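Novice: File follows, run17.cif with mmCIF, C-alpha atoms:
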data_start
#
loop_
_atom_site.label_atom_id
_atom_site.label_comp_id
_atom_site.auth_asym_id
_atom_site.auth_seq_id
_atom_site.Cartn_x
_atom_site.Cartn_y
_atom_site.Cartn_z
CA MET A 1 33.12 -29.61 10.69
CA ARG A 2 31.93 -26.25 9.53
CA THR A 3 33.47 -23.11 10.85
CA ARG A 4 31.58 -20.72 13.09
CA THR A 5 31.37 -18.03 10.40
CA GLU A 6 29.84 -20.47 8.01
CA GLN A 7 27.18 -21.36 10.55
CA PHE A 8 26.23 -17.79 11.25
CA LEU A 9 26.63 -16.34 7.78
CA PRO A 10 23.17 -17.29 6.48
CA PHE A 11 21.50 -15.73 9.53
CA ALA A 12 23.58 -12.60 9.19
CA LEU A 13 22.52 -12.34 5.55
CA LEU A 14 18.87 -12.85 6.44
CA LEU A 15 18.88 -10.43 9.37
CA PRO A 16 18.30 -7.16 7.46
CA SER A 17 15.25 -8.41 5.62
CA ILE A 18 13.85 -10.09 8.73
CA LEU A 19 14.30 -6.88 10.72
CA PHE A 20 12.65 -4.92 7.94
CA LEU A 21 9.68 -7.29 7.67
CA GLY A 22 9.32 -7.33 11.44
CA LEU A 23 9.36 -3.56 11.66
CA LEU A 24 6.96 -2.90 8.80
CA ILE A 25 4.69 -5.94 8.77
CA VAL A 26 4.65 -7.81 12.08
CA ILE A 27 4.48 -4.76 14.35
CA PRO A 28 1.68 -2.98 12.42
CA MET A 29 -0.17 -6.29 12.33
CA ILE A 30 -0.02 -6.56 16.12
CA GLN A 31 -1.02 -2.91 16.41
CA ALA A 32 -4.03 -3.53 14.20
CA LEU A 33 -5.00 -6.51 16.32
CA PHE A 34 -4.87 -4.37 19.46
CA LEU A 35 -6.77 -1.51 17.80
CA ALA A 36 -9.55 -3.95 16.98
CA ILE A 37 -9.98 -5.19 20.55
CA LEU A 38 -9.13 -2.14 22.66
CA ALA A 39 -11.96 -0.03 24.04
CA ASP A 40 -11.73 3.77 24.06
CA GLU A 41 -12.03 3.88 27.84
CA GLY A 42 -9.34 1.20 28.23
CA GLY A 43 -9.57 -2.54 28.61
CA PHE A 44 -10.47 -5.13 26.01
CA THR A 45 -13.76 -5.34 24.17
CA LEU A 46 -15.47 -7.11 21.31
CA GLU A 47 -17.68 -4.05 20.71
CA HIS A 48 -15.89 -3.12 17.47
CA PHE A 49 -16.48 -6.56 15.99
CA GLN A 50 -20.13 -6.45 17.05
CA ARG A 51 -20.54 -3.06 15.45
CA MET A 52 -18.83 -4.31 12.29
CA ALA A 53 -21.15 -7.33 12.09
CA SER A 54 -24.27 -5.19 12.57
CA ASP A 55 -23.22 -2.56 10.02
CA VAL A 56 -25.61 -2.17 7.05
CA ASN A 57 -22.87 -2.86 4.53
CA PHE A 58 -21.29 -5.78 6.33
CA SER A 59 -23.26 -8.68 4.89
CA ASP A 60 -23.07 -7.14 1.38
CA ALA A 61 -19.33 -6.59 1.69
CA TRP A 62 -18.88 -10.15 2.89
CA ARG A 63 -21.00 -11.58 0.08
CA ASN A 64 -19.40 -9.43 -2.64
CA THR A 65 -15.86 -10.23 -1.54
CA LEU A 66 -16.50 -13.98 -1.63
CA LEU A 67 -18.47 -13.75 -4.88
CA LEU A 68 -15.65 -11.81 -6.58
CA LEU A 69 -13.13 -14.32 -5.25
CA LEU A 70 -15.11 -17.27 -6.62
CA LEU A 71 -15.60 -15.62 -10.02
CA ILE A 72 -12.19 -14.02 -10.55
CA VAL A 73 -9.74 -16.67 -9.36
CA PRO A 74 -10.91 -19.63 -11.54
CA LEU A 75 -11.25 -17.35 -14.57
CA GLN A 76 -7.71 -16.07 -14.10
CA ILE A 77 -6.25 -19.53 -13.58
CA VAL A 78 -7.92 -20.79 -16.79
CA LEU A 79 -6.89 -17.73 -18.83
CA ALA A 80 -3.32 -17.76 -17.53
CA LEU A 81 -3.03 -21.52 -18.03
CA ALA A 82 -4.16 -21.16 -21.64
CA MET A 83 -1.63 -18.37 -22.20
CA ALA A 84 1.18 -20.28 -20.45
CA LEU A 85 0.58 -23.53 -22.36
CA LEU A 86 0.44 -21.62 -25.63
CA ILE A 87 3.70 -19.80 -24.90
CA ASN A 88 5.30 -23.02 -23.73
CA SER A 89 4.54 -24.71 -27.04
CA ARG A 90 7.35 -22.46 -28.30
CA PHE A 91 5.72 -21.54 -31.58
CA ARG A 92 7.53 -19.00 -33.70
CA GLY A 93 7.00 -15.58 -32.14
CA HIS A 94 6.01 -16.88 -28.68
CA GLY A 95 8.34 -14.34 -27.03
CA PHE A 96 6.45 -11.47 -28.63
CA PHE A 97 3.12 -12.77 -27.35
CA LEU A 98 4.55 -13.25 -23.84
CA TYR A 99 5.49 -9.57 -23.80
CA ILE A 100 1.99 -8.58 -24.85
CA TYR A 101 0.33 -10.81 -22.24
CA ALA A 102 2.58 -9.36 -19.52
CA ILE A 103 1.76 -5.68 -20.24
CA PRO A 104 -1.11 -5.33 -17.71
CA LEU A 105 1.42 -6.19 -15.00
CA ALA A 106 2.78 -2.66 -15.41
CA ILE A 107 -0.58 -0.95 -14.88
CA SER A 108 -1.50 0.16 -11.37
CA ASP A 109 -4.79 -1.25 -10.12
CA LEU A 110 -6.48 2.15 -9.86
CA ALA A 111 -5.41 3.04 -13.41
CA ALA A 112 -6.79 -0.29 -14.63
CA GLY A 113 -10.07 0.48 -12.87
CA ILE A 114 -10.33 3.89 -14.54
CA LEU A 115 -9.41 2.37 -17.90
CA TRP A 116 -12.31 -0.08 -17.68
CA LEU A 117 -14.57 2.69 -16.38
CA ALA A 118 -14.15 4.32 -19.81
CA VAL A 119 -15.51 1.08 -21.28
CA PHE A 120 -18.41 0.37 -18.95
CA THR A 121 -19.67 3.84 -18.06
CA GLU A 122 -23.10 4.91 -19.36
CA ARG A 123 -21.73 6.75 -22.40
CA GLY A 124 -18.65 4.59 -22.57
CA TYR A 125 -17.13 2.47 -25.29
CA LEU A 126 -19.14 -0.69 -24.70
CA ASN A 127 -22.45 1.16 -25.05
CA SER A 128 -21.03 3.02 -28.06
CA ALA A 129 -20.11 -0.24 -29.75
CA LEU A 130 -23.47 -1.85 -28.96
CA GLN A 131 -25.43 1.17 -30.17
CA SER A 132 -23.35 1.58 -33.33
CA ALA A 133 -23.95 -2.07 -34.11
CA GLY A 134 -27.68 -1.53 -33.60
CA VAL A 135 -27.94 -4.02 -30.72
CA ILE A 136 -29.40 -1.45 -28.31
CA GLN A 137 -31.40 1.78 -28.71
CA GLN A 138 -30.62 3.27 -25.30
CA PRO A 139 -27.33 3.01 -23.42
CA ILE A 140 -27.46 0.27 -20.77
CA ILE A 141 -26.49 1.43 -17.28
CA PHE A 142 -24.01 -1.26 -16.29
CA LEU A 143 -22.67 0.38 -13.15
CA SER A 144 -25.86 1.20 -11.27
CA PHE A 145 -26.41 -0.19 -7.77
CA GLU A 146 -29.63 -1.69 -9.13
CA ASN A 147 -27.69 -3.65 -11.73
CA VAL A 148 -25.72 -6.06 -9.55
CA PRO A 149 -24.87 -8.51 -12.36
CA GLY A 150 -23.66 -5.55 -14.46
CA ILE A 151 -21.35 -4.16 -11.78
CA LEU A 152 -20.16 -7.62 -10.88
CA SER A 153 -19.26 -8.57 -14.45
CA ALA A 154 -17.49 -5.24 -15.00
CA ILE A 155 -15.33 -5.80 -11.91
CA VAL A 156 -14.65 -9.44 -12.79
CA ILE A 157 -13.59 -8.47 -16.32
CA ALA A 158 -11.38 -5.59 -15.17
CA GLU A 159 -9.73 -7.63 -12.41
CA SER A 160 -9.18 -10.63 -14.68
CA TRP A 161 -7.66 -8.37 -17.29
CA ARG A 162 -5.38 -6.67 -14.76
CA ALA A 163 -4.10 -9.54 -12.67
CA THR A 164 -3.96 -12.53 -14.99
CA ALA A 165 -0.40 -11.62 -15.96
CA ILE A 166 1.00 -12.39 -12.49
CA VAL A 167 -0.58 -15.87 -12.59
CA LEU A 168 0.84 -16.29 -16.10
CA LEU A 169 4.37 -15.49 -14.94
CA ILE A 170 4.16 -17.98 -12.04
CA LEU A 171 2.88 -20.70 -14.39
CA ILE A 172 5.51 -19.96 -17.06
CA ALA A 173 8.24 -20.20 -14.43
CA GLY A 174 6.76 -23.54 -13.33
CA LEU A 175 6.55 -24.83 -16.91
CA GLN A 176 10.17 -23.98 -17.52
CA LEU A 177 11.19 -26.12 -14.54
CA ILE A 178 9.76 -29.20 -16.26
CA PRO A 179 12.58 -30.94 -18.15
CA ARG A 180 11.94 -31.05 -21.90
CA ASP A 181 12.81 -34.78 -21.86
CA PHE A 182 9.43 -35.46 -20.26
CA PHE A 183 7.68 -33.98 -23.29
CA GLU A 184 9.90 -35.94 -25.64
CA ALA A 185 9.22 -39.14 -23.70
CA ALA A 186 5.48 -38.49 -23.91
CA ASP A 187 5.78 -37.86 -27.65
CA LEU A 188 7.81 -41.02 -28.08
CA PHE A 189 5.02 -43.06 -26.52
CA GLY A 190 2.61 -41.49 -28.95
CA ALA A 191 0.76 -39.18 -26.58
CA THR A 192 -1.36 -36.52 -28.28
CA ARG A 193 -0.85 -32.93 -27.23
CA PHE A 194 -4.04 -33.09 -25.15
CA ARG A 195 -3.00 -36.26 -23.29
CA ARG A 196 0.49 -34.91 -22.80
CA THR A 197 -0.95 -31.75 -21.23
CA VAL A 198 -3.36 -33.58 -18.94
CA HIS A 199 -1.14 -36.45 -17.82
CA VAL A 200 2.36 -34.97 -17.89
CA VAL A 201 2.30 -31.17 -17.78
CA LEU A 202 -0.54 -30.45 -15.35
CA PRO A 203 0.62 -32.86 -12.60
CA LEU A 204 4.15 -31.49 -12.80
CA LEU A 205 2.78 -27.96 -12.74
CA ARG A 206 0.84 -28.53 -9.51
CA PRO A 207 3.25 -26.72 -7.17
CA SER A 208 3.13 -23.58 -9.38
CA LEU A 209 -0.64 -23.80 -9.69
CA GLN A 210 -0.86 -23.92 -5.91
CA SER A 211 1.37 -20.87 -5.41
CA ALA A 212 -0.61 -19.01 -8.05
CA LEU A 213 -3.90 -19.97 -6.36
CA ILE A 214 -2.68 -18.84 -2.94
CA ILE A 215 -1.29 -15.53 -4.18
CA ARG A 216 -4.36 -14.75 -6.28
CA THR A 217 -6.78 -15.67 -3.50
CA ILE A 218 -4.97 -13.37 -1.07
CA PHE A 219 -5.05 -10.53 -3.59
CA ALA A 220 -8.66 -11.20 -4.52
CA LEU A 221 -9.62 -10.86 -0.85
CA GLN A 222 -7.93 -7.47 -0.92
CA THR A 223 -9.59 -6.33 -4.16
CA PHE A 224 -10.25 -2.68 -3.66
CA ALA A 225 -9.01 -0.07 -6.14
CA VAL A 226 -10.71 -1.57 -9.21
CA VAL A 227 -13.96 -1.90 -7.26
CA PHE A 228 -13.75 1.70 -6.08
CA ALA A 229 -13.05 3.01 -9.58
CA LEU A 230 -15.92 1.10 -11.18
CA ALA A 231 -18.58 1.03 -8.48
CA GLY A 232 -17.64 3.33 -5.61
CA ARG A 233 -19.52 2.04 -2.60
CA ASN A 234 -22.35 0.70 -4.74
CA MET A 235 -20.54 -2.58 -4.37
CA PRO A 236 -19.06 -2.71 -0.87
CA VAL A 237 -16.16 -5.14 -0.34
CA LEU A 238 -14.34 -5.94 2.91
CA ALA A 239 -11.08 -4.16 2.03
CA GLY A 240 -13.05 -1.13 0.83
CA GLU A 241 -15.05 -1.01 4.08
CA ALA A 242 -11.80 -1.04 6.07
CA TYR A 243 -10.60 1.93 4.01
CA THR A 244 -13.90 3.82 4.29
CA TRP A 245 -14.10 3.37 8.04
CA TYR A 246 -10.54 4.59 8.42
CA ALA A 247 -10.39 7.44 5.90
CA ALA A 248 -13.96 8.73 5.66
CA ASN A 249 -15.55 7.76 8.97
CA ARG A 250 -12.41 8.22 11.06
CA ASN A 251 -13.03 5.12 13.09
CA GLU A 252 -9.72 3.31 13.30
CA HIS A 253 -11.09 0.64 15.62
CA LEU A 254 -13.71 -0.50 13.13
CA ALA A 255 -11.21 -0.31 10.27
CA ALA A 256 -8.87 -2.51 12.29
CA ALA A 257 -11.70 -4.97 12.94
CA TYR A 258 -12.20 -5.32 9.17
CA ALA A 259 -8.45 -5.69 8.68
CA VAL A 260 -8.27 -8.45 11.29
CA LEU A 261 -11.19 -10.23 9.62
CA LEU A 262 -9.37 -10.07 6.27
CA LEU A 263 -6.18 -11.31 7.88
CA ALA A 264 -8.06 -14.27 9.39
CA LEU A 265 -9.70 -15.05 6.03
CA THR A 266 -6.32 -14.93 4.29
CA ALA A 267 -4.77 -17.26 6.85
CA VAL A 268 -7.68 -19.72 6.60
CA ALA A 269 -7.55 -19.68 2.78
CA THR A 270 -3.81 -20.35 2.75
CA VAL A 271 -4.05 -23.23 5.23
CA VAL A 272 -6.98 -24.75 3.33
CA TYR A 273 -5.06 -24.61 0.03
CA LEU A 274 -1.96 -26.16 1.58
CA ARG A 275 -4.00 -28.94 3.22
CA VAL A 276 -6.60 -29.70 0.56
CA LEU A 277 -4.25 -29.53 -2.39
CA GLY A 278 -1.67 -31.52 -0.43
CA LEU A 279 1.38 -29.37 -0.94
CA ARG A 280 4.01 -31.13 1.10
CA GLU A 281 7.10 -29.47 2.44
CA ALA A 282 9.34 -31.49 0.15
CA GLU A 283 7.58 -29.93 -2.84
CA VAL A 284 7.89 -26.41 -1.50
CA GLN A 285 11.61 -26.88 -1.10
CA ARG A 286 12.07 -28.28 -4.55
CA MET B 1 -6.13 -28.59 -44.65
CA SER B 2 -3.47 -30.92 -43.35
CA PRO B 3 -3.48 -31.56 -39.57
CA ARG B 4 -0.23 -29.65 -39.22
CA VAL B 5 -1.59 -26.51 -40.84
CA LEU B 6 -4.77 -26.80 -38.76
CA ASP B 7 -2.61 -27.11 -35.65
CA ARG B 8 -0.64 -23.97 -36.50
CA ALA B 9 -3.82 -22.06 -37.27
CA LEU B 10 -5.30 -23.09 -33.92
CA ILE B 11 -2.21 -22.00 -31.99
CA TYR B 12 -1.85 -18.65 -33.73
CA GLY B 13 -5.59 -18.07 -33.67
CA SER B 14 -5.83 -18.45 -29.90
CA ALA B 15 -2.58 -16.55 -29.30
CA ILE B 16 -3.88 -13.60 -31.32
CA LEU B 17 -7.32 -13.74 -29.67
CA LEU B 18 -5.72 -13.54 -26.20
CA ALA B 19 -3.45 -10.70 -27.36
CA VAL B 20 -6.47 -8.74 -28.61
CA TRP B 21 -8.16 -9.18 -25.21
CA VAL B 22 -5.08 -7.74 -23.50
CA LEU B 23 -4.61 -4.89 -25.97
CA ILE B 24 -8.19 -3.62 -26.47
CA PRO B 25 -8.25 -1.35 -23.37
CA PHE B 26 -5.00 0.25 -24.50
CA TYR B 27 -6.46 0.91 -27.92
CA ILE B 28 -9.56 2.47 -26.38
CA ILE B 29 -7.61 4.72 -24.05
CA ALA B 30 -5.32 5.80 -26.91
CA VAL B 31 -8.30 6.67 -29.14
CA SER B 32 -9.84 8.53 -26.24
CA ALA B 33 -6.66 10.48 -25.44
CA PHE B 34 -6.14 11.63 -29.03
CA THR B 35 -9.74 12.57 -29.83
CA PRO B 36 -10.44 16.33 -29.99
CA GLN B 37 -11.88 17.60 -26.71
CA ALA B 38 -15.08 18.81 -28.35
CA ARG B 39 -15.91 15.30 -29.58
CA ILE B 40 -15.01 13.32 -26.48
CA PHE B 41 -18.57 13.53 -25.09
CA ASP B 42 -20.22 12.39 -28.32
CA PHE B 43 -22.46 9.39 -28.11
CA PRO B 44 -22.05 6.84 -29.58
CA LYS B 45 -18.33 7.44 -29.36
CA PRO B 46 -16.33 6.77 -32.52
CA LEU B 47 -14.57 3.40 -32.15
CA LEU B 48 -12.12 4.20 -34.93
CA PRO B 49 -9.86 7.26 -34.70
CA THR B 50 -11.85 9.61 -36.97
CA ALA B 51 -10.34 12.91 -35.85
CA PHE B 52 -6.89 13.33 -34.43
CA SER B 53 -5.80 15.97 -31.94
CA THR B 54 -3.10 16.31 -29.32
CA ASP B 55 -5.11 18.87 -27.32
CA THR B 56 -5.91 16.50 -24.48
CA MET B 57 -2.36 15.26 -24.20
CA GLN B 58 -1.03 18.81 -24.32
CA PHE B 59 -3.47 19.88 -21.62
CA PHE B 60 -2.39 16.90 -19.52
CA VAL B 61 1.35 17.56 -19.81
CA GLU B 62 0.90 21.26 -19.09
CA ALA B 63 -1.45 20.73 -16.15
CA ARG B 64 -0.07 21.69 -12.77
CA GLY B 65 1.51 18.85 -10.84
CA VAL B 66 1.81 16.36 -13.67
CA VAL B 67 5.55 16.76 -14.23
CA PRO B 68 6.42 16.86 -10.50
CA SER B 69 4.30 13.77 -9.87
CA VAL B 70 6.07 11.88 -12.66
CA ILE B 71 9.40 12.84 -11.10
CA ASN B 72 8.18 11.76 -7.66
CA SER B 73 7.04 8.40 -9.03
CA LEU B 74 10.42 7.84 -10.66
CA LEU B 75 12.25 8.72 -7.43
CA VAL B 76 10.07 6.39 -5.38
CA ALA B 77 10.56 3.61 -7.93
CA LEU B 78 14.35 4.02 -7.94
CA ALA B 79 14.54 4.09 -4.15
CA THR B 80 12.30 1.01 -3.92
CA ILE B 81 14.49 -0.91 -6.37
CA ALA B 82 17.68 0.04 -4.54
CA PHE B 83 16.24 -0.78 -1.12
CA GLY B 84 14.60 -4.02 -2.24
CA LEU B 85 17.74 -5.32 -3.92
CA THR B 86 19.91 -4.38 -0.93
CA LEU B 87 17.67 -6.29 1.47
CA GLY B 88 16.59 -9.09 -0.85
CA THR B 89 19.88 -10.11 -2.47
CA PRO B 90 21.63 -11.29 0.70
CA ALA B 91 18.45 -12.99 1.94
CA GLY B 92 17.91 -14.77 -1.37
CA TYR B 93 21.53 -15.86 -1.46
CA ALA B 94 21.33 -17.21 2.07
CA LEU B 95 18.16 -19.18 1.32
CA ALA B 96 19.53 -20.65 -1.89
CA ARG B 97 23.13 -21.28 -0.89
CA PHE B 98 22.96 -22.59 2.67
CA HIS B 99 21.02 -25.33 4.40
CA PHE B 100 20.25 -24.42 7.96
CA ARG B 101 17.58 -24.94 10.61
CA GLY B 102 14.36 -23.07 9.93
CA ARG B 103 15.12 -22.51 6.28
#
What is this structure when it is put down as structure tokens?
Specialist:
Amino acid sequence: MRTRTEQFLPFALLLPSILFLGLLIVIPMIQALFLAILADEGGFTLEHFQRMASDVNFSDAWRNTLLLLLLIVPLQIVLALAMALLINSRFRGHGFFLYIYAIPLAISDLAAGILWLAVFTERGYLNSALQSAGVIQQPIIFLSFENVPGILSAIVIAESWRATAIVLLILIAGLQLIPRDFFEAADLFGATRFRRTVHVVLPLLRPSLQSALIIRTIFALQTFAVVFALAGRNMPVLAGEAYTWYAANRNEHLAAAYAVLLLALTAVATVVYLRVLGLREAEVQR
Amino acid sequence: MSPRVLDRALIYGSAILLAVWVLIPFYIIAVSAFTPQARIFDFPKPLLPTAFSTDTMQFFVEARGVVPSVINSLLVALATIAFGLTLGTPAGYALARFHFRGR
């Protein structure tokens, strides 16, 4: 029989962080929900959501957010998986390369956006390189609102550059959980490196891939600073609209409506990943 | 080439390619920061460091608010680390060490 202290100790240890999260996350979340459905003259209303849906930028913001999500997340997973598998092959000097791959983790998202702005702007480094190589005669305007593919690729490249490192770290941690014996067993049975990767490593890596997918999807829905640095409002996204309505247009109700929409999207995405990819509780607890 | 050498070459080749992708923006920003101010608006911009100057960096360090903002960032970072560890360590220990309802 366990003593009373032992029963309550874990809860006592968890209490500070739970209080903190409650105070700074749950309460503001509820406040935002109320802001989104409260009318100025009192009572509840769906007016803010209607106004959000009929806003000129709404359908663009919606489309751009999903488009960025669909382009960025798979690219990052593939890039990070390539990096993680390379590092995990433990070639001589793999530690050095891991450090290099992890550097963008230390760059703030706005700084990363400005960094890539120096590359993609009209008289930036990409146009300089192209013109010096004689590929173009005139600088190409990548970041004009008329050049949607240009803006989109610039944002996808900058975001993939910036946030691949976090996926990499999750995957490396997952790879290190796989006992080396499994690789040796695969080698013993004559599996090539390719077959070993597909049939042994990837299935065992599934839980990490799922966490990486969930985290990256949530962050991709919130993509904001990089978009603002590269495109301003030429490329409206949902998180950016929430910010603009709050900071520039001073309409906290509409901003809250956008925030609630993002929250709902995030929740739906997480549930879909957990269901579709079949992450069972036993695996989470592993 | 023997298969082993080819294998090595493939591994190092891709590792270096990925490293270049990560490092290129840093190279560009470094070239940009150490180019003389008069030449920074040239087009096409030099991709190799042709002229070196610390003018821009000097201007940056001496600009009003740069030093205080660095200090502020450091203070915020330190406080965040202290606070996060204080709250997170007991919670992490509880989750890892004990099995209880609602874990």
Novice: Give the residues of chain A that lie within 6 Å of chain B; count only C-alpha atoms, and format the answer as number ranges by chain.
Specialist: A: 10, 13-14, 17, 128
Novice: Decode the PyMOL selection byres ((chain A and resi 237) around 6) for the given file into explicit residues and return them as JSON, numbers by chain.
Specialist: {"A": [61, 64, 65, 236, 238, 239, 240]}
Novice: Quick one: what's the axis-aligned box for range 96-111 of chain A, all listed atoms, 5 Å on every side, centre and edges in Å to one decimal, as JSON?
Specialist:
{"center_x": 0.0, "center_y": -5.1, "center_z": -19.2, "size_x": 22.9, "size_y": 26.3, "size_z": 28.8}
Novice: Within 10 Å of (-10.7, -3.0, -5.1), in the coordinates the file gives, what residues turn up when you count only C-alpha atoms, written out as a list in words?
Specialist: Thr65, Asp109, Leu110, Gly113, Ile155, Glu159, Phe219, Ala220, Leu221, Gln222, Thr223, Phe224, Ala225, Val226, Val227, Phe228, Ala229, Leu230, Ala231, Gly232, Met235, Pro236, Val237, Leu238, Ala239 and Gly240 of chain A
Novice: Now that the selection is made, can you save its residues with C-alpha atoms as an mmCIF file, in the coordinates of the input?
Specialist:
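So the final result, stored in selection-v3.cif, reads:
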data_model
loop_
_atom_site.group_PDB
_atom_site.id
_atom_site.type_symbol
_atom_site.label_atom_id
_atom_site.label_comp_id
_atom_site.auth_asym_id
_atom_site.auth_seq_id
_atom_site.Cartn_x
_atom_site.Cartn_y
_atom_site.Cartn_z
ATOM 1 C CA THR A 65 -15.860 -10.230 -1.540
ATOM 2 C CA ASP A 109 -4.790 -1.250 -10.120
ATOM 3 C CA LEU A 110 -6.480 2.150 -9.860
ATOM 4 C CA GLY A 113 -10.070 0.480 -12.870
ATOM 5 C CA ILE A 155 -15.330 -5.800 -11.910
ATOM 6 C CA GLU A 159 -9.730 -7.630 -12.410
ATOM 7 C CA PHE A 219 -5.050 -10.530 -3.590
ATOM 8 C CA ALA A 220 -8.660 -11.200 -4.520
ATOM 9 C CA LEU A 221 -9.620 -10.860 -0.850
ATOM 10 C CA GLN A 222 -7.930 -7.470 -0.920
ATOM 11 C CA THR A 223 -9.590 -6.330 -4.160
ATOM 12 C CA PHE A 224 -10.250 -2.680 -3.660
ATOM 13 C CA ALA A 225 -9.010 -0.070 -6.140
ATOM 14 C CA VAL A 226 -10.710 -1.570 -9.210
ATOM 15 C CA VAL A 227 -13.960 -1.900 -7.260
ATOM 16 C CA PHE A 228 -13.750 1.700 -6.080
ATOM 17 C CA ALA A 229 -13.050 3.010 -9.580
ATOM 18 C CA LEU A 230 -15.920 1.100 -11.180
ATOM 19 C CA ALA A 231 -18.580 1.030 -8.480
ATOM 20 C CA GLY A 232 -17.640 3.330 -5.610
ATOM 21 C CA MET A 235 -20.540 -2.580 -4.370
ATOM 22 C CA PRO A 236 -19.060 -2.710 -0.870
ATOM 23 C CA VAL A 237 -16.160 -5.140 -0.340
ATOM 24 C CA LEU A 238 -14.340 -5.940 2.910
ATOM 25 C CA ALA A 239 -11.080 -4.160 2.030
ATOM 26 C CA GLY A 240 -13.050 -1.130 0.830
#
Novice: When you look at Phe182 in chain A with a cut-off of 10 Å (counting all atoms listed in the file), what residues show up, excluding the ones that are within fewer than 2 positions of it in the same chain? I need them as a ChimeraX atom specification.
Specialist: /A:178-180,184-188,196,200-201,204
Novice: Can you work out the spacing between CA of Val31 in chain B and CA of Val61 in chain B in Å, to one decimal?
Specialist: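 Computed distance, CA of Val31 in chain B to CA of Val61 in chain B, equals 17.3 Å.
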Novice: Which residues would end up in the selection if the PyMOL selection byres ((chain A and resi 161) around 10) were applied here, given that I need the answer as an mmCIF file with C-alpha atoms, keeping the file's coordinate frame?
Specialist:
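File written: selection24.cif
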data_model
loop_
_atom_site.group_PDB
_atom_site.id
_atom_site.type_symbol
_atom_site.label_atom_id
_atom_site.label_comp_id
_atom_site.auth_asym_id
_atom_site.auth_seq_id
_atom_site.Cartn_x
_atom_site.Cartn_y
_atom_site.Cartn_z
ATOM 1 C CA ILE A 72 -12.190 -14.020 -10.550
ATOM 2 C CA GLN A 76 -7.710 -16.070 -14.100
ATOM 3 C CA LEU A 79 -6.890 -17.730 -18.830
ATOM 4 C CA TYR A 101 0.330 -10.810 -22.240
ATOM 5 C CA PRO A 104 -1.110 -5.330 -17.710
ATOM 6 C CA LEU A 105 1.420 -6.190 -15.000
ATOM 7 C CA ALA A 112 -6.790 -0.290 -14.630
ATOM 8 C CA TRP A 116 -12.310 -0.080 -17.680
ATOM 9 C CA ILE A 155 -15.330 -5.800 -11.910
ATOM 10 C CA VAL A 156 -14.650 -9.440 -12.790
ATOM 11 C CA ILE A 157 -13.590 -8.470 -16.320
ATOM 12 C CA ALA A 158 -11.380 -5.590 -15.170
ATOM 13 C CA GLU A 159 -9.730 -7.630 -12.410
ATOM 14 C CA SER A 160 -9.180 -10.630 -14.680
ATOM 15 C CA ARG A 162 -5.380 -6.670 -14.760
ATOM 16 C CA ALA A 163 -4.100 -9.540 -12.670
ATOM 17 C CA THR A 164 -3.960 -12.530 -14.990
ATOM 18 C CA ALA A 165 -0.400 -11.620 -15.960
ATOM 19 C CA TRP B 21 -8.160 -9.180 -25.210
ATOM 20 C CA VAL B 22 -5.080 -7.740 -23.500
ATOM 21 C CA LEU B 23 -4.610 -4.890 -25.970
ATOM 22 C CA PRO B 25 -8.250 -1.350 -23.370
#
Novice: Set the distance at 12 Å and use all atoms listed in the file: which residues neighbour Ala33 in chain B once local chain neighbours fewer than 5 positions away are removed? I'd like the list as a PyMOL selection string.
Specialist: (chain A and resi 115+118) or (chain B and resi 26-28+39-40+49+51-60)
Novice: Output C-alpha atoms for every residue in the selection just made, as a PDB file, in the coordinates of the input.
Specialist:
ATOM      1  CA  LEU A 115      -9.410   2.370 -17.900  1.00  0.00           C
ATOM      2  CA  ALA A 118     -14.150   4.320 -19.810  1.00  0.00           C
TER       3      ALA A 118
ATOM      4  CA  PHE B  26      -5.000   0.250 -24.500  1.00  0.00           C
ATOM      5  CA  TYR B  27      -6.460   0.910 -27.920  1.00  0.00           C
ATOM      6  CA  ILE B  28      -9.560   2.470 -26.380  1.00  0.00           C
ATOM      7  CA  ARG B  39     -15.910  15.300 -29.580  1.00  0.00           C
ATOM      8  CA  ILE B  40     -15.010  13.320 -26.480  1.00  0.00           C
ATOM      9  CA  PRO B  49      -9.860   7.260 -34.700  1.00  0.00           C
ATOM     10  CA  ALA B  51     -10.340  12.910 -35.850  1.00  0.00           C
ATOM     11  CA  PHE B  52      -6.890  13.330 -34.430  1.00  0.00           C
ATOM     12  CA  SER B  53      -5.800  15.970 -31.940  1.00  0.00           C
ATOM     13  CA  THR B  54      -3.100  16.310 -29.320  1.00  0.00           C
ATOM     14  CA  ASP B  55      -5.110  18.870 -27.320  1.00  0.00           C
ATOM     15  CA  THR B  56      -5.910  16.500 -24.480  1.00  0.00           C
ATOM     16  CA  MET B  57      -2.360  15.260 -24.200  1.00  0.00           C
ATOM     17  CA  GLN B  58      -1.030  18.810 -24.320  1.00  0.00           C
ATOM     18  CA  PHE B  59      -3.470  19.880 -21.620  1.00  0.00           C
ATOM     19  CA  PHE B  60      -2.390  16.900 -19.520  1.00  0.00           C
TER      20      PHE B  60
END
Novice: CA of Leu74 in chain B and CA of Ala173 in chain A, how far apart in Å?
Specialist: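 Calculated distance between CA of Ala173 in chain A and CA of Leu74 in chain B is 28.4 Å.
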Novice: What's the separation between CA of Ala84 in chain A and CA of Leu171 in chain A, in Å to one decimal place?
Specialist: 6.3 Å
Novice: Would you please work out which residue, of A:Leu205, A:Leu168, A:Leu23, A:Ala111, is nearest to Tyr99 in chain A when using all atoms listed in the file?
Specialist: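 The shortest atom-to-atom distance to Tyr99 in chain A comes from A:Leu168.
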Novice: Pick the closest to Leu48 in chain B from A:Ala129, A:Ala264, A:Ile140, A:Leu169: which is it, counting all atoms listed in the file?
Specialist: A:Ala129
Novice: Identify all residues satisfying the PyMOL selection byres ((chain A and resi 257) around 8) in the given file; provide them as an NGL selection string.
Specialist: :A and (32-33 or 35-37 or 48-49 or 52 or 242 or 253-256 or 258-261)
